[in-house]
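Asker: Input structure: start_35.cif, which contains mmCIF, C-alpha atoms.
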```cif
data_target
loop_
_atom_site.label_atom_id
_atom_site.label_comp_id
_atom_site.auth_asym_id
_atom_site.auth_seq_id
_atom_site.Cartn_x
_atom_site.Cartn_y
_atom_site.Cartn_z
CA MET A 1 -16.87 -22.29 -17.78
CA LYS A 2 -16.09 -18.72 -18.79
CA SER A 3 -13.94 -16.18 -17.00
CA CYS A 4 -14.44 -12.45 -16.45
CA PRO A 5 -11.62 -10.65 -18.29
CA TYR A 6 -11.67 -7.91 -15.62
CA CYS A 7 -11.32 -9.77 -12.32
CA GLY A 8 -10.80 -13.39 -13.41
CA LYS A 9 -13.86 -14.84 -11.60
CA GLU A 10 -15.24 -17.93 -13.32
CA TYR A 11 -18.92 -18.35 -14.28
CA PRO A 12 -21.08 -21.02 -15.96
CA ASP A 13 -21.39 -20.97 -19.74
CA ASP A 14 -24.86 -19.36 -19.66
CA ALA A 15 -23.80 -16.36 -17.53
CA THR A 16 -23.60 -13.02 -19.34
CA THR A 17 -22.45 -10.47 -16.71
CA CYS A 18 -19.86 -10.53 -13.92
CA LEU A 19 -21.58 -10.09 -10.55
CA ILE A 20 -18.50 -8.37 -9.07
CA ASP A 21 -17.59 -5.86 -11.74
CA GLY A 22 -20.68 -5.70 -13.95
CA GLU A 23 -18.53 -6.48 -16.99
CA SER A 24 -19.90 -8.43 -19.95
CA LEU A 25 -18.57 -11.96 -20.05
CA PRO A 26 -16.96 -13.32 -23.23
CA CYS A 27 -18.28 -16.35 -25.05
CA ASN A 28 -15.99 -18.83 -23.34
CA ASN A 29 -13.15 -16.63 -24.50
CA PRO A 30 -11.24 -13.97 -22.55
CA GLN A 31 -9.26 -13.05 -25.71
CA PRO A 32 -11.43 -10.94 -28.05
CA SER A 33 -9.14 -11.62 -31.00
CA ILE A 34 -10.26 -15.28 -31.08
CA SER A 35 -13.83 -16.02 -32.11
CA CYS A 36 -16.08 -18.46 -30.28
CA GLU A 37 -16.17 -20.70 -33.36
CA GLN A 38 -12.38 -21.05 -33.26
CA ILE A 39 -12.38 -22.57 -29.77
CA VAL A 40 -15.34 -24.93 -30.02
CA ASP A 41 -13.03 -27.94 -30.16
CA THR A 42 -10.53 -26.57 -27.63
CA PRO A 43 -10.29 -28.58 -24.39
CA PRO A 44 -12.08 -26.84 -21.49
CA ASP A 45 -8.91 -26.36 -19.46
CA LYS A 46 -7.45 -24.20 -22.26
CA ASN A 47 -10.47 -21.92 -22.62
CA VAL A 48 -9.45 -19.72 -19.71
CA PRO A 49 -5.73 -18.91 -19.80
CA TYR A 50 -3.97 -17.30 -16.87
CA LEU A 51 -4.16 -13.55 -17.52
CA THR A 52 -1.39 -11.18 -16.47
CA PHE A 53 -1.27 -7.41 -16.30
CA PRO A 54 -2.47 -5.49 -18.33
CA ASP A 55 -4.88 -8.15 -19.69
CA TYR A 56 -5.80 -8.94 -16.10
CA GLN A 57 -7.43 -5.78 -14.78
CA TRP A 58 -7.40 -5.13 -11.05
CA SER A 59 -10.54 -5.31 -8.92
CA ALA A 60 -11.55 -5.26 -5.26
CA ARG A 61 -11.41 -9.04 -5.22
CA GLY A 62 -7.64 -8.92 -5.64
CA ALA A 63 -7.29 -6.11 -3.10
CA TRP A 64 -9.17 -8.03 -0.39
CA ARG A 65 -7.08 -11.14 -1.03
CA CYS A 66 -3.88 -9.09 -0.88
CA LEU A 67 -4.87 -7.52 2.46
CA GLY A 68 -5.80 -10.88 3.91
CA MET A 69 -2.47 -12.38 2.92
CA ILE A 70 -0.53 -9.40 4.32
CA ILE A 71 -2.34 -9.68 7.66
CA VAL A 72 -1.46 -13.39 7.81
CA PHE A 73 2.19 -12.64 7.04
CA ASP A 74 2.27 -9.86 9.65
CA ILE A 75 0.88 -12.12 12.37
CA PHE A 76 3.31 -14.89 11.45
CA LEU A 77 6.34 -12.57 11.47
CA GLU A 78 5.28 -11.01 14.77
CA ILE A 79 5.01 -14.43 16.42
CA ILE A 80 8.42 -15.48 15.06
CA THR A 81 10.05 -12.22 16.18
CA LEU A 82 8.59 -12.41 19.69
CA ALA A 83 9.70 -16.03 20.03
CA LEU A 84 13.25 -15.24 18.93
CA ASP A 85 13.40 -12.16 21.19
CA SER A 86 12.35 -14.20 24.22
CA ARG A 87 14.70 -17.13 23.61
CA PHE A 88 17.83 -15.49 22.20
CA SER A 89 19.24 -12.42 23.90
CA ASP A 90 21.70 -11.79 21.07
CA PHE A 91 18.86 -11.66 18.58
CA ARG A 92 16.94 -9.27 20.82
CA LYS A 93 19.96 -6.96 21.05
CA TRP A 94 20.40 -7.08 17.27
CA HIS A 95 16.68 -6.52 16.70
CA GLU A 96 16.72 -3.44 18.94
CA ASN A 97 19.78 -1.77 17.41
CA GLY A 98 19.67 0.47 14.37
CA PHE A 99 20.73 -2.02 11.72
CA GLY A 100 18.46 -4.75 13.11
CA TYR A 101 15.50 -2.38 13.17
CA PHE A 102 16.23 -1.30 9.60
CA SER A 103 16.64 -4.92 8.40
CA THR A 104 13.33 -5.92 9.96
CA GLY A 105 11.67 -2.99 8.21
CA VAL A 106 13.13 -4.04 4.86
CA LEU A 107 11.77 -7.57 5.36
CA HIS A 108 8.26 -6.35 6.20
CA PHE A 109 8.10 -3.90 3.31
CA ALA A 110 9.50 -6.46 0.86
CA ILE A 111 6.73 -8.87 1.82
CA TYR A 112 4.13 -6.12 1.28
CA VAL A 113 5.37 -5.29 -2.21
CA LEU A 114 5.88 -8.89 -3.33
CA THR A 115 2.37 -9.76 -2.16
CA ALA A 116 0.90 -6.78 -4.02
CA ALA A 117 2.87 -7.65 -7.16
CA TYR A 118 1.58 -11.23 -6.99
CA PHE A 119 -2.08 -10.23 -6.79
CA ALA A 120 -1.56 -7.51 -9.39
CA ARG A 121 -0.19 -10.23 -11.70
CA THR A 122 2.74 -8.08 -12.78
CA GLU A 123 5.15 -10.85 -13.68
CA THR A 124 7.83 -8.75 -15.39
CA LEU A 125 9.72 -5.67 -14.26
CA ALA A 126 8.25 -3.63 -17.11
CA ALA A 127 4.71 -4.68 -16.18
CA PHE A 128 5.39 -3.90 -12.52
CA LEU A 129 6.71 -0.41 -13.28
CA LYS A 130 3.79 0.34 -15.59
CA GLY A 131 1.11 -1.18 -13.40
CA PHE A 132 2.29 0.61 -10.28
CA SER A 133 2.85 3.87 -12.22
CA LEU A 134 6.56 4.08 -11.50
CA ASP A 135 7.41 4.56 -15.17
CA CYS A 136 6.11 8.17 -15.14
CA LYS A 137 7.87 11.27 -13.86
CA PRO A 138 6.24 13.30 -11.05
CA SER A 139 3.44 15.50 -12.36
CA ASN A 140 2.43 19.03 -11.40
CA TYR A 141 0.20 17.49 -8.71
CA ALA A 142 3.37 16.64 -6.77
CA TRP A 143 3.56 20.26 -5.60
CA PHE A 144 0.01 20.04 -4.32
CA GLY A 145 0.88 16.87 -2.42
CA VAL A 146 4.00 18.38 -0.87
CA THR A 147 2.10 21.52 0.16
CA MET A 148 -0.75 19.55 1.70
CA ALA A 149 1.72 17.33 3.59
CA LEU A 150 3.31 20.39 5.18
CA ILE A 151 -0.08 21.92 5.98
CA VAL A 152 -1.31 18.75 7.69
CA ARG A 153 1.96 18.33 9.60
CA PHE A 154 2.12 21.89 10.88
CA PHE A 155 -1.60 21.96 11.63
CA GLY A 156 -1.00 19.00 13.95
CA HIS A 157 2.00 20.75 15.50
CA PHE A 158 -0.01 23.95 15.99
CA MET A 159 -2.73 21.99 17.79
CA LEU A 160 -0.13 20.32 20.00
CA ILE A 161 1.71 23.44 21.11
CA ASN A 162 -1.60 25.05 22.05
CA GLY A 163 -2.67 22.04 24.09
CA TRP A 164 -5.64 21.19 21.86
CA GLY A 165 -4.58 17.60 21.37
CA LYS A 166 -1.98 15.10 22.47
CA GLY A 167 0.93 13.83 20.44
CA VAL A 168 2.33 10.36 19.91
CA LEU A 169 5.89 9.39 20.74
CA ASN A 170 7.61 8.19 17.58
CA HIS A 171 9.93 5.24 18.24
CA GLU A 172 12.21 5.98 15.29
CA TYR A 173 12.57 9.64 16.24
CA ILE A 174 13.28 8.88 19.91
CA ALA A 175 15.80 6.15 19.03
CA PHE A 176 17.56 8.52 16.61
CA LYS A 177 17.85 11.19 19.31
CA HIS A 178 19.25 8.79 21.93
CA THR A 179 21.61 6.69 19.80
CA LEU A 180 25.22 7.66 19.22
CA GLY A 181 27.32 7.20 16.11
CA PHE A 182 26.40 6.22 12.57
CA GLU A 183 23.95 3.59 13.81
CA ARG A 184 21.41 6.28 14.72
CA TYR A 185 20.66 6.97 11.05
CA PHE A 186 19.37 3.43 10.53
CA PHE A 187 16.39 4.38 12.73
CA LEU A 188 15.46 7.17 10.31
CA LEU A 189 15.76 5.19 7.08
CA PRO A 190 12.45 3.29 7.48
CA THR A 191 10.51 6.50 8.15
CA LEU A 192 12.20 8.67 5.54
CA PHE A 193 12.69 6.23 2.68
CA LEU A 194 11.22 2.76 3.18
CA ALA A 195 7.74 3.84 4.28
CA PRO A 196 7.21 6.55 1.62
CA PHE A 197 8.28 4.22 -1.19
CA PHE A 198 7.04 0.78 -0.17
CA GLU A 199 3.83 1.82 1.62
CA GLU A 200 2.82 3.82 -1.43
CA LEU A 201 3.52 0.86 -3.70
CA LEU A 202 1.06 -1.16 -1.64
CA ASN A 203 -1.55 1.39 -0.56
CA ARG A 204 -1.87 3.67 -3.56
CA GLY A 205 0.07 1.67 -6.13
CA PHE A 206 -2.15 -1.41 -5.92
CA LEU A 207 -4.84 -1.39 -3.22
CA TYR A 208 -6.46 1.93 -4.11
CA LYS A 209 -6.43 1.22 -7.84
CA ALA A 210 -7.80 -2.27 -7.24
CA PHE A 211 -10.63 -0.95 -5.08
CA ARG A 212 -11.34 1.67 -7.75
CA GLY A 213 -11.76 -1.16 -10.22
CA SER A 214 -14.94 -2.13 -8.37
CA TYR A 215 -15.99 0.75 -6.11
CA PRO A 216 -16.52 4.52 -6.47
CA VAL A 217 -13.97 7.06 -5.28
CA GLY A 218 -15.52 7.71 -1.84
CA ILE A 219 -15.72 4.05 -0.87
CA SER A 220 -12.21 3.35 -2.16
CA MET A 221 -10.77 6.24 -0.14
CA ALA A 222 -12.66 5.15 2.97
CA LEU A 223 -11.25 1.63 2.66
CA ILE A 224 -7.69 2.95 2.35
CA VAL A 225 -8.21 5.19 5.40
CA ALA A 226 -9.52 2.15 7.30
CA TRP A 227 -6.45 0.15 6.28
CA THR A 228 -4.23 3.06 7.36
CA ALA A 229 -5.94 2.98 10.77
CA ILE A 230 -5.34 -0.76 11.11
CA SER A 231 -1.68 -0.57 10.05
CA HIS A 232 -1.05 2.48 12.27
CA TRP A 233 -3.31 1.47 15.13
CA PRO A 234 -0.96 2.53 17.99
CA TYR A 235 -1.21 6.11 16.68
CA TYR A 236 -4.94 6.02 16.02
CA SER A 237 -5.79 4.49 19.39
CA HIS A 238 -3.60 6.91 21.37
CA SER A 239 -4.42 10.29 19.84
CA PHE A 240 -7.43 11.67 17.99
CA LEU A 241 -5.16 14.36 16.54
CA ALA A 242 -2.75 11.77 15.16
CA ALA A 243 -5.68 9.82 13.71
CA PHE A 244 -7.02 12.97 12.05
CA CYS A 245 -3.65 13.92 10.53
CA LEU A 246 -2.91 10.43 9.25
CA SER A 247 -6.40 10.11 7.77
CA MET A 248 -6.13 13.47 6.05
CA ILE A 249 -2.77 12.67 4.49
CA ALA A 250 -4.13 9.30 3.31
CA ILE A 251 -7.03 11.07 1.60
CA VAL A 252 -4.65 13.55 -0.04
CA GLN A 253 -2.54 10.68 -1.37
CA CYS A 254 -5.61 8.90 -2.75
CA TYR A 255 -6.61 12.14 -4.46
CA LEU A 256 -3.14 12.34 -6.03
CA ARG A 257 -3.45 8.75 -7.25
CA GLU A 258 -6.85 9.55 -8.70
CA LYS A 259 -5.65 12.64 -10.56
CA SER A 260 -2.09 11.74 -11.52
CA ASP A 261 -0.64 9.01 -13.72
CA SER A 262 2.51 8.92 -11.59
CA LEU A 263 2.86 7.24 -8.20
CA TRP A 264 5.88 9.45 -7.53
CA ASP A 265 3.49 12.25 -6.54
CA CYS A 266 2.20 10.11 -3.67
CA ILE A 267 5.73 9.04 -2.72
CA LEU A 268 6.96 12.65 -2.54
CA CYS A 269 3.91 13.65 -0.48
CA HIS A 270 4.55 10.79 1.95
CA PHE A 271 8.26 11.61 2.18
CA THR A 272 7.54 15.28 2.91
CA PHE A 273 5.06 14.41 5.64
CA ASN A 274 7.48 12.02 7.35
CA ALA A 275 10.57 14.20 6.87
CA SER A 276 8.83 17.25 8.32
CA LEU A 277 8.75 15.35 11.62
CA LEU A 278 12.39 16.28 12.07
CA PHE A 279 11.52 19.99 12.11
CA VAL A 280 8.87 19.95 14.82
CA SER A 281 9.59 19.42 18.50
CA ALA A 282 6.45 17.37 19.31
CA PRO A 283 6.50 14.43 16.88
CA LEU A 284 3.46 13.18 15.06
CA ARG A 285 4.13 10.40 12.64
#
```
Write the structure described by the file as structure tokens, please.

Answerer:
Amino acid sequence: MKSCPYCGKEYPDDATTCLIDGESLPCNNPQPSISCEQIVDTPPDKNVPYLTFPDYQWSARGAWRCLGMIIVFDIFLEIITLALDSRFSDFRKWHENGFGYFSTGVLHFAIYVLTAAYFARTETLAAFLKGFSLDCKPSNYAWFGVTMALIVRFFGHFMLINGWGKGVLNHEYIAFKHTLGFERYFFLLPTLFLAPFFEELLNRGFLYKAFRGSYPVGISMALIVAWTAISHWPYYSHSFLAAFCLSMIAIVQCYLREKSDSLWDCILCHFTFNASLLFVSAPLR
């Protein structure tokens, strides 16, 4: 058996091209520095070592597996949370207060990032930072992202105040407004900091780049918009205007990822879009 050095899919010895990525397959050898003659007597189980980033290059195969695993984790956590809420009133009270809401958000986002890091095969901190483009400073495209985030946000607000669309009540924003004391700020932390950082690590840091390893730009962007719709379905299903704004900002962030070597551009764009919610009276997330 031989393995594609790009996506890791295994093929018979007589195969020459990967059916997923179109890459040329090595002669039973994913390491070009070793000739085929040198590994003739090597046991078959040592012919295909486990590749890690950057030797393992991302492809749509890894992205689809990552999404499938995240959906499974989400369903499992939702079932566990509902069961605990229904059986333990103290847990329900904790889950509904600011710190409990924040802690649940941290758990969800941590699972997202760890799952992405696993399928990206970034097994060291240095590889993770490089693979997810966190080792670069924001580029000049960051200003474009921030500007577009404000344009999309205030376009949605303009449509709302003129009655040309309906808004969506934002749970975090409402809870912040109606909670007293320091606890109220825990409702804002997921929107302002956790979502911009951790969602970008998953969506643009890994998924978009993995899709781009196999698909053209248009298809990759469309898949990320579709995933945004699934993960933000309450907003998409309730308001066409919210769906339009969220889709537009997702496309802008994919464009930033395509043009820039730094994921910080996408993170700053996402932060600006979410933070601008505090400055409009009719919230759109």

Asker: Considering all atoms listed in the file, state which residue in the set A:Phe91, A:Trp264, A:Trp64, A:Trp164 is at the smallest distance from Ile224 of chain A.

Answerer: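 Of the candidates, the smallest distance to Ile224 of chain A is held by A:Trp64.
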
Asker: May I ask for the distance between atom CA of Phe244 of chain A and atom CA of Leu223 of chain A, given in Å to one decimal place?

Answerer: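 Atom CA of Leu223 of chain A lies at a distance of 15.3 Å from atom CA of Phe244 of chain A.
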
Asker: Mind telling me what the PyMOL selection byres ((chain A and resi 183) around 12) catches here, as a list in words?

Answerer: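 After applying the PyMOL selection byres ((chain A and resi 183) around 12), what remains is Trp94, Glu96, Asn97, Gly98, Phe99, Gly100, Tyr101, Phe102, Ala175, Phe176, Lys177, His178, Thr179, Leu180, Gly181, Phe182, Arg184, Tyr185, Phe186, Phe187, Leu188 and Leu189 of chain A.
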
Asker: Return the single residue from A:Gly145, A:Leu169, A:Trp233, A:Glu199 that is closest to Arg257 of chain A, with distances computed using all atoms listed in the file.

Answerer: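 Among the listed residues, the smallest separation from Arg257 of chain A belongs to A:Gly145.
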
Asker: So how far away is atom CA of Leu129 of chain A from atom CA of Phe193 of chain A, in Å?

Answerer: 18.3 Å

Asker: Kindly resolve the PyMOL selection byres ((chain A and resi 225) around 12) on the present coordinates and return the residues as a PyMOL selection string.

Answerer: chain A and resi 203-204+207-208+218-224+226-233+236+243-254

Asker: Which is closest to Glu123 of chain A among A:Pro12, A:Gly213, A:Pro54, A:Pro49, if we use only C-alpha atoms?

Answerer: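 Under the stated criterion, the closest residue is A:Pro54.
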
Asker: Hey, what comes out of the PyMOL selection byres ((chain A and resi 136-139) around 8) on this file? Could you write it as a PDB file with C-alpha atoms, in the coordinates of the input?

Answerer:
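Once written, part07.pdb looks like this:
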```pdb
ATOM      1  CA  SER A 133       2.850   3.870 -12.220  1.00  0.00           C
ATOM      2  CA  LEU A 134       6.560   4.080 -11.500  1.00  0.00           C
ATOM      3  CA  ASP A 135       7.410   4.560 -15.170  1.00  0.00           C
ATOM      4  CA  ASN A 140       2.430  19.030 -11.400  1.00  0.00           C
ATOM      5  CA  TYR A 141       0.200  17.490  -8.710  1.00  0.00           C
ATOM      6  CA  ALA A 142       3.370  16.640  -6.770  1.00  0.00           C
ATOM      7  CA  SER A 260      -2.090  11.740 -11.520  1.00  0.00           C
ATOM      8  CA  ASP A 261      -0.640   9.010 -13.720  1.00  0.00           C
ATOM      9  CA  SER A 262       2.510   8.920 -11.590  1.00  0.00           C
ATOM     10  CA  LEU A 263       2.860   7.240  -8.200  1.00  0.00           C
ATOM     11  CA  TRP A 264       5.880   9.450  -7.530  1.00  0.00           C
ATOM     12  CA  ASP A 265       3.490  12.250  -6.540  1.00  0.00           C
TER      13      ASP A 265
END
```

Asker: What's the separation between atom CA of Ser239 of chain A and atom CA of Leu277 of chain A, in Å to one decimal place?

Answerer: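 If I compute the distance from atom CA of Ser239 of chain A to atom CA of Leu277 of chain A, I get 16.3 Å.
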